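**Q** Just passing along the structure, written as structure tokens.
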Amino acid sequence: MSFTDASLAALAAQLAGKSVSSRELTQHFLDRINALNPSINAFVTVDADKSLAEAAAADALIASGRAAPLTGVPIAHKDIFCTDGWLTTCGSKMLSNFVAPYDAHVIQRFKAAGMPSLGKTNMDEFAMGSSNETSYFGPVKNPWDTARVPGGSSGGAAACIAARMAPAATGTDTGGSIRQPAAFAGITGLKPTYGLVSRYGMIAFASSLDQAGPMAKSAEDCALLLNVMTGFDPNDSTSLERDKEDYARDLDQPLSGLRVGLPKEFFAEGLNNDVARAVEAAVSELKKLGATTVEVSLANAGLAIPVYYVLAPAEASSNLSRFDGVRYGYRAPEYTDLNDMYAKTRAQGFGAEVKRRILIGAYVLSHGYYDAYYLQAQKIRRLIADDFAEAFKVCDVILGPTAPGTAFKLGEKSDDPVEMYLNDLYTIPANLAGLPGMSLPCGFDSASLPIGLQLVGNYFSEAKMLNVAHQYQRATDWHIRRPEGLLP
Amino acid sequence: MKWETVIGLEVHTQLATRSKIFSGSSTAFGAAPNTQASAVDIALPGVLPVLNKGAVECAIKFGLAIGATLNRVNIFDRKNYFYPDLPKGYQISQLAQPIVEGGALKIVVDGEEKTVRLTRAHMEEDAGKSLHEDFHGMTGIDLNRAGTPLLEIVSEPDMRSSAEAVAYAKALHTLVTWIGICDGNMMEGSFRVDANVSVRPVGQAEFGTRREIKNLNSFKFLQQAIDYEVRWQIETLEDGGRIEQATVLFDPDSGETRMMRSKEDAHDYRYFPDPDLLPVKLDDAWIARVQDELPELPAAMQARFVEAYGVSAYDAAVLTGSRALADYFEAAAQACGQGKLAANWVMGELSAALNRADLGIEQSPVSAAQLGALINRIHDGTLSGKLAKQVFEGLWEGTGEVDAIIEARGLKQMSDSGELEKIIDEVLAANPKSVEEFRAGKDKAFNALVGQVMRATKGRANPAQVNDLLKAKLG
């Protein structure tokens, strides 16, 4: 098998067997990036010298017999993670000149595991978007159809896996930013339980919702990546102190007796027919593997979008206050006084979607509106979590579509924010409840675009979800398909 | 019309932790600009706060010391506003659920005791400093102070004069330094006072409109600022004007307050719970452990001083003016077993000498053990009060220990009556005129003879003994 389509385990085996070096492997993917990035725009920053130096260090680790399971396997990082010595832009003009002086916790972990970085992937500005069109560095194109969006905000990460420019990538998910692009790009991505992966060094969008996770070609690959990413970090107060687990431990378990919950609200009005059919076919496949289904209700899930668009902008309006032109990042070239400097810097440095959310956030937190918006939204957030708790009394995993439709055309929804926001209808509830969620390919629509299947598990049930996804992927080949006509 | 003044104080105390409240940077004062500012302090993208438990323990100590309620679950909020020395664009503080609520502090003004109630005390981080000098029209930012832990202590509007406000501020200053949660250094900004001041006609139930005087960093300025503000408000009202709610600054040079911002300019801080920090949970074990670390408090110590050392209530209050003073007194009293005498010496000779030299009790050249030894020599009759002062001077100058000084300077009070009698006989023989005058009924002549004896003994004679012997000899 070529490196291009190989699983992480296969790549690791070849590295361990010394049939390929990390330098060769890294060069292979750098070559693909070089050839494909001009049309896909998945990467904001590529630095071959740095990547190859990290690969050489990985080779030394392998030679010395001190290799970790994935040592030498290269990975692409979303440009939301601070990376020492690399430009870290978060998709914004505001940070277009910002070279991070430190590594995010997640980056530290991948470095410690000996995994060279292939570069920094494009994303919606400050992770605010569902199409990757809000990036200051231009939209990412969907490798399945370059006239279409790859989803967002981890659009660069999803696209670079789909186009096989990288075997693995990091993403972050605040309202669906790993799962929705994974669905649009036909790859597998997982958002862990909130608190499992440290947020230190990950540029904050909405702190109570942000969570980093792996994006790759398969559930098995995601399990191996999750093994590297998770762990307690004293630098993040919301990081959870738990025993280390092996997320690949249950991959091969049979699914007999698995109880799959089907929330009726996820199969209602607004769901595209092709998507509905593909998800129903996936349910049949799981039944063949021994699963049973049960209807569950997430009665308050319909309120998830309004709740999210109060809470996430509220936190964002405060989180983004540090981008003021004083200490780092963009500063307006001309201004008359301090307030003018702030106003011009932020007017010029932020794009329209970021400004819209800062305004919404400042509004819902302002005096006289706080109780009606922010406090009310927090109460509903609790009700949504309660709905899930109730559902998990009768099922092991919840299943549904990842997004109501498939990849849409560039520009198709950029003039209608509400239409854009509706894309995250099925993904946002898991963020509000802090639950793990994942998306995996389950078919194609009539336009040959990939369709995503979503699994939502109970807290800390990642190993179970990965087990379900892996067994499904052993029985199907949706995840192996890749866009034609890019490169062999 | 008769006016009544109403004052409430908000005091920012810098907590005496070694590192900052949400980062590991040092809190030491006076370092070169921005050398004590970490990635967290300068708010780089992606950094997160981690709470310093030491700051929480300081707040718990304070709550226990004032008999307040400690909120078992308390929450950090973000206070959002833009300023160049506020790196995150928000200050982490506590709004709705502060760690400390209620409690009270006793003050004494003109001999009258009064209780000032406290509203609350909450933890927050300090901002950095904007430096407007030396930058030629630009502003320098020093973030060393950014993230220094503060406890903001808010009183009820219970004070009715500047004297009461100063007494409360002093009592609070004594308490926070006493329990070791603040170094109390007002010059370095460790203890900063905001005063909310209003006036109302005597007898009126509602409060008048208040103005807040910001950032007073000495008790003198606090007094002056309130006195000026009260006069200004009364004059304004009596001239038919109105008081508008406002924040004002006190200018020590002019002695006046001036407007900083009006209510219309007030920020909407858009407070909300900080999602980066978990609620602070206090359990019984933690509180009990902090309670164990708490020293004896001033009020309890005053009562004990009266009881154990027989000092007056007034003296006990003076001696507990600071923990260092109280510790000094107690060590001296225990060294000699003479509480009353020790109190007199500490508040008298020692305090006067320290004042002259502009030294604090901590820097006293005379140790409590030395003072105790000195008092022992007074009590056992070795030294007269007058000689003791000479020994004290010797101790102050560091010339040696008490007995060595007595020996070296020959200051021992004469206790051998045989030797004294011999000297008296010599004095009588040398002063026949005085003896005659005394016998003729002139009392003054007797005093002259006593003086002669004291001179001949270089002050070492016990004056009472000299009197007795002289009277006996002159029959």
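By convention in this document, the chains of the structure tokens carry letters A, B, ... by their order, each chain's residues are numbered from 1, and ligands are numbered from 1 in the order they are shown.
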Near chain A, which residues of chain B fall within 7 Å when you count only C-alpha atoms, and what do they look like as a list of chain:residue names?

**A**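 Here is what falls inside 7 Å: B:Ala43, B:Pro45, B:Gly46, B:Val47, B:Leu48, B:Val50, B:Asn80, B:Pro84, B:Pro87, B:Lys88, B:Gly89, B:Asp268, B:Arg270, B:Pro275, B:Asp276, B:Leu277, B:Leu278.
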
**Q** Restricting the output to C-alpha atoms, write the selected residues as a PDB file, in the first residue's frame.

**A**
ATOM      1  CA  ALA B  43      -2.376  37.544  27.955  1.00  0.00           C
ATOM      2  CA  PRO B  45      -3.329  34.053  22.775  1.00  0.00           C
ATOM      3  CA  GLY B  46      -4.251  30.664  24.225  1.00  0.00           C
ATOM      4  CA  VAL B  47      -3.063  31.098  27.807  1.00  0.00           C
ATOM      5  CA  LEU B  48      -5.301  30.191  30.743  1.00  0.00           C
ATOM      6  CA  VAL B  50      -4.780  28.784  37.232  1.00  0.00           C
ATOM      7  CA  ASN B  80     -14.790  43.583  30.851  1.00  0.00           C
ATOM      8  CA  PRO B  84      -3.678  49.247  27.880  1.00  0.00           C
ATOM      9  CA  PRO B  87      -3.864  42.785  29.081  1.00  0.00           C
ATOM     10  CA  LYS B  88      -6.847  40.456  28.687  1.00  0.00           C
ATOM     11  CA  GLY B  89      -9.360  43.242  28.211  1.00  0.00           C
ATOM     12  CA  ASP B 268     -21.045  48.614  31.563  1.00  0.00           C
ATOM     13  CA  ARG B 270     -20.639  43.071  31.228  1.00  0.00           C
ATOM     14  CA  PRO B 275     -15.527  29.905  32.027  1.00  0.00           C
ATOM     15  CA  ASP B 276     -11.786  29.301  32.379  1.00  0.00           C
ATOM     16  CA  LEU B 277     -12.024  28.893  36.154  1.00  0.00           C
ATOM     17  CA  LEU B 278     -14.017  26.419  38.180  1.00  0.00           C
TER      18      LEU B 278
END

**Q** Identify, on the basis of only C-alpha atoms, every residue whose closest approach to Gln224 (chain B) does not exceed 10 Å; exclude the query and any residue fewer than 3 positions from it along the same chain; express the result as an MDAnalysis selection string.

**A** chainID B and resid 162 218:221 227:230 250:252 255:257

**Q** Please, could you write that set of residues out with N, CA and C atoms as a tab-separated table (two decimals), in the first residue's frame?

**A**
chain	number	residue	atom	x	y	z
B	162	SER	N	-14.79	61.76	59.17
B	162	SER	CA	-13.49	61.36	58.63
B	162	SER	C	-12.69	60.66	59.71
B	218	SER	N	-2.82	57.16	51.87
B	218	SER	CA	-2.34	57.41	53.23
B	218	SER	C	-3.54	57.80	54.08
B	219	PHE	N	-3.40	57.57	55.38
B	219	PHE	CA	-4.50	57.91	56.30
B	219	PHE	C	-4.71	59.42	56.33
B	220	LYS	N	-3.62	60.17	56.17
B	220	LYS	CA	-3.71	61.62	56.18
B	220	LYS	C	-4.53	62.11	54.98
B	221	PHE	N	-4.22	61.55	53.80
B	221	PHE	CA	-4.97	61.94	52.60
B	221	PHE	C	-6.43	61.53	52.72
B	227	ASP	N	-12.69	65.36	54.44
B	227	ASP	CA	-13.05	66.66	55.01
B	227	ASP	C	-13.36	67.66	53.90
B	228	TYR	N	-12.52	67.67	52.86
B	228	TYR	CA	-12.77	68.60	51.76
B	228	TYR	C	-14.08	68.27	51.06
B	229	GLU	N	-14.24	66.97	50.78
B	229	GLU	CA	-15.42	66.52	50.02
B	229	GLU	C	-16.71	66.85	50.77
B	230	VAL	N	-16.69	66.64	52.09
B	230	VAL	CA	-17.88	66.91	52.90
B	230	VAL	C	-18.20	68.41	52.86
B	250	PHE	N	-8.45	62.84	44.55
B	250	PHE	CA	-7.97	63.82	45.53
B	250	PHE	C	-6.57	64.28	45.11
B	251	ASP	N	-6.41	65.60	45.07
B	251	ASP	CA	-5.10	66.15	44.75
B	251	ASP	C	-4.45	66.63	46.05
B	252	PRO	N	-3.42	65.92	46.52
B	252	PRO	CA	-2.81	66.27	47.81
B	252	PRO	C	-2.19	67.65	47.80
B	255	GLY	N	-5.21	69.95	47.99
B	255	GLY	CA	-6.11	69.54	49.07
B	255	GLY	C	-7.55	69.44	48.62
B	256	GLU	N	-7.77	69.38	47.30
B	256	GLU	CA	-9.13	69.36	46.77
B	256	GLU	C	-9.42	68.06	46.01
B	257	THR	N	-10.71	67.76	45.88
B	257	THR	CA	-11.09	66.64	45.03
B	257	THR	C	-11.54	67.19	43.69

**Q** Quick one: residues within 12 Å of region 62-67 of chain B, only C-alpha atoms, excluding same-chain residues fewer than 5 positions away - as a PyMOL selection string?

**A** chain B and resi 13+15+55-57+72+98-106+115-123+151-153+155+171-182+287-300

**Q** Could you turn the residues from that selection into a file that holds C-alpha atoms, as a PDB file, in the first residue's frame?

**A**
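As written to disk, part03.pdb reads:
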ATOM      1  CA  THR B  13      -5.347  45.058  49.920  1.00  0.00           C
ATOM      2  CA  LEU B  15      -2.311  39.825  49.308  1.00  0.00           C
ATOM      3  CA  ALA B  55      -4.681  33.833  47.706  1.00  0.00           C
ATOM      4  CA  VAL B  56      -7.815  31.903  48.663  1.00  0.00           C
ATOM      5  CA  GLU B  57      -6.313  31.083  52.060  1.00  0.00           C
ATOM      6  CA  ARG B  72     -18.524  27.587  50.427  1.00  0.00           C
ATOM      7  CA  PRO B  98     -17.712  36.706  46.648  1.00  0.00           C
ATOM      8  CA  ILE B  99     -15.710  34.528  49.035  1.00  0.00           C
ATOM      9  CA  VAL B 100     -16.458  36.669  52.127  1.00  0.00           C
ATOM     10  CA  GLU B 101     -19.789  38.229  53.115  1.00  0.00           C
ATOM     11  CA  GLY B 102     -20.655  40.155  56.265  1.00  0.00           C
ATOM     12  CA  GLY B 103     -18.481  40.443  59.357  1.00  0.00           C
ATOM     13  CA  ALA B 104     -17.621  43.483  61.448  1.00  0.00           C
ATOM     14  CA  LEU B 105     -14.731  45.474  62.856  1.00  0.00           C
ATOM     15  CA  LYS B 106     -14.640  47.453  66.120  1.00  0.00           C
ATOM     16  CA  THR B 115     -18.856  48.650  65.244  1.00  0.00           C
ATOM     17  CA  VAL B 116     -18.415  49.019  61.491  1.00  0.00           C
ATOM     18  CA  ARG B 117     -20.151  46.297  59.474  1.00  0.00           C
ATOM     19  CA  LEU B 118     -18.510  44.848  56.415  1.00  0.00           C
ATOM     20  CA  THR B 119     -20.512  44.131  53.282  1.00  0.00           C
ATOM     21  CA  ARG B 120     -18.157  41.742  51.543  1.00  0.00           C
ATOM     22  CA  ALA B 121     -14.614  40.961  50.506  1.00  0.00           C
ATOM     23  CA  HIS B 122     -13.719  39.435  47.170  1.00  0.00           C
ATOM     24  CA  MET B 123     -10.611  38.214  45.390  1.00  0.00           C
ATOM     25  CA  LEU B 151      -8.711  41.341  48.356  1.00  0.00           C
ATOM     26  CA  GLU B 152     -11.220  44.154  47.903  1.00  0.00           C
ATOM     27  CA  ILE B 153     -12.858  44.793  51.262  1.00  0.00           C
ATOM     28  CA  SER B 155     -17.697  48.253  54.285  1.00  0.00           C
ATOM     29  CA  ALA B 171      -8.095  49.028  62.328  1.00  0.00           C
ATOM     30  CA  LEU B 172      -8.390  47.213  58.998  1.00  0.00           C
ATOM     31  CA  HIS B 173      -4.734  47.917  58.240  1.00  0.00           C
ATOM     32  CA  THR B 174      -3.760  46.540  61.649  1.00  0.00           C
ATOM     33  CA  LEU B 175      -5.865  43.435  61.092  1.00  0.00           C
ATOM     34  CA  VAL B 176      -4.649  42.518  57.584  1.00  0.00           C
ATOM     35  CA  THR B 177      -1.020  42.967  58.558  1.00  0.00           C
ATOM     36  CA  TRP B 178      -1.684  41.221  61.896  1.00  0.00           C
ATOM     37  CA  ILE B 179      -2.984  38.061  60.216  1.00  0.00           C
ATOM     38  CA  GLY B 180      -0.189  38.284  57.661  1.00  0.00           C
ATOM     39  CA  ILE B 181      -2.273  38.535  54.488  1.00  0.00           C
ATOM     40  CA  CYS B 182      -0.934  41.974  53.450  1.00  0.00           C
ATOM     41  CA  ILE B 287     -11.265  26.158  56.661  1.00  0.00           C
ATOM     42  CA  ALA B 288     -10.235  24.370  59.880  1.00  0.00           C
ATOM     43  CA  ARG B 289      -6.643  24.122  58.695  1.00  0.00           C
ATOM     44  CA  VAL B 290      -6.538  27.847  57.888  1.00  0.00           C
ATOM     45  CA  GLN B 291      -8.190  28.605  61.230  1.00  0.00           C
ATOM     46  CA  ASP B 292      -5.350  26.749  62.949  1.00  0.00           C
ATOM     47  CA  GLU B 293      -2.824  28.952  61.180  1.00  0.00           C
ATOM     48  CA  LEU B 294      -4.585  32.114  62.298  1.00  0.00           C
ATOM     49  CA  PRO B 295      -2.751  33.961  65.084  1.00  0.00           C
ATOM     50  CA  GLU B 296      -4.513  35.288  68.177  1.00  0.00           C
ATOM     51  CA  LEU B 297      -6.486  38.322  67.019  1.00  0.00           C
ATOM     52  CA  PRO B 298      -6.065  41.864  68.407  1.00  0.00           C
ATOM     53  CA  ALA B 299      -9.344  41.921  70.363  1.00  0.00           C
ATOM     54  CA  ALA B 300      -8.659  38.607  72.052  1.00  0.00           C
TER      55      ALA B 300
END

**Q** If you count only C-alpha atoms, which residues fall within 9 Å of Thr292 (chain A), apart from same-chain ones fewer than 4 positions away, as a list in words?

**A** Ser256, Gly257, Leu258, Arg259, Val260, Gly261, Leu286 and Lys287 of chain A

**Q** Report as a PyMOL selection string all protein, DNA and RNA residues lying within 10 Å of Phe305 (chain B), evaluated on only C-alpha atoms, omitting residues in the same chain fewer than 4 positions from it.

**A** chain B and resi 300-301+309-313+315-317+319-320+326+329-330+339-340+343

**Q** Please, could you write that set of residues out with C-alpha atoms as a PDB file, in the first residue's frame?

**A**
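Everything below was put into selection_38.pdb:
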ATOM      1  CA  ALA B 300      -8.659  38.607  72.052  1.00  0.00           C
ATOM      2  CA  MET B 301      -5.114  39.637  72.802  1.00  0.00           C
ATOM      3  CA  TYR B 309      -0.406  41.362  82.762  1.00  0.00           C
ATOM      4  CA  GLY B 310      -2.661  43.721  84.676  1.00  0.00           C
ATOM      5  CA  VAL B 311      -2.370  46.506  82.101  1.00  0.00           C
ATOM      6  CA  SER B 312      -5.227  48.938  81.539  1.00  0.00           C
ATOM      7  CA  ALA B 313      -7.662  48.469  78.660  1.00  0.00           C
ATOM      8  CA  ASP B 315      -2.690  50.328  77.309  1.00  0.00           C
ATOM      9  CA  ALA B 316      -3.739  46.963  75.927  1.00  0.00           C
ATOM     10  CA  ALA B 317      -5.248  48.684  72.894  1.00  0.00           C
ATOM     11  CA  LEU B 319       0.135  47.600  72.735  1.00  0.00           C
ATOM     12  CA  THR B 320      -1.892  45.676  70.143  1.00  0.00           C
ATOM     13  CA  ALA B 326       2.259  43.176  70.802  1.00  0.00           C
ATOM     14  CA  PHE B 329       5.597  43.671  74.678  1.00  0.00           C
ATOM     15  CA  GLU B 330       4.659  40.109  75.492  1.00  0.00           C
ATOM     16  CA  GLY B 339       3.619  43.361  82.881  1.00  0.00           C
ATOM     17  CA  LYS B 340       2.718  46.824  84.037  1.00  0.00           C
ATOM     18  CA  ALA B 343       3.999  48.208  79.318  1.00  0.00           C
TER      19      ALA B 343
END

**Q** Restricting the calculation to only C-alpha atoms, which member of A:Pro483, A:Pro429, A:Pro417, A:Gly290 is positioned closest to Val468 (chain A)?

**A**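 Nearest candidate to Val468 (chain A) out of A:Pro483, A:Pro429, A:Pro417, A:Gly290: A:Gly290.
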
**Q** Please give the complete set of residues from region 139-387 of chain B that DSSP, run on the backbone, assigns to strand (DSSP E), formatted as a VMD selection string.

**A** chain B and resid 140 to 142 149 to 155 191 to 201 211 to 216 246 to 251 256 to 262 272 to 273 280 to 281

**Q** Compile the contact shell of Lys264 (chain A) as a ChimeraX atom specification: residues with an atom at most 8 Å away, counting only C-alpha atoms, same-chain residues fewer than 4 positions apart removed.

**A** /A:268,295-298
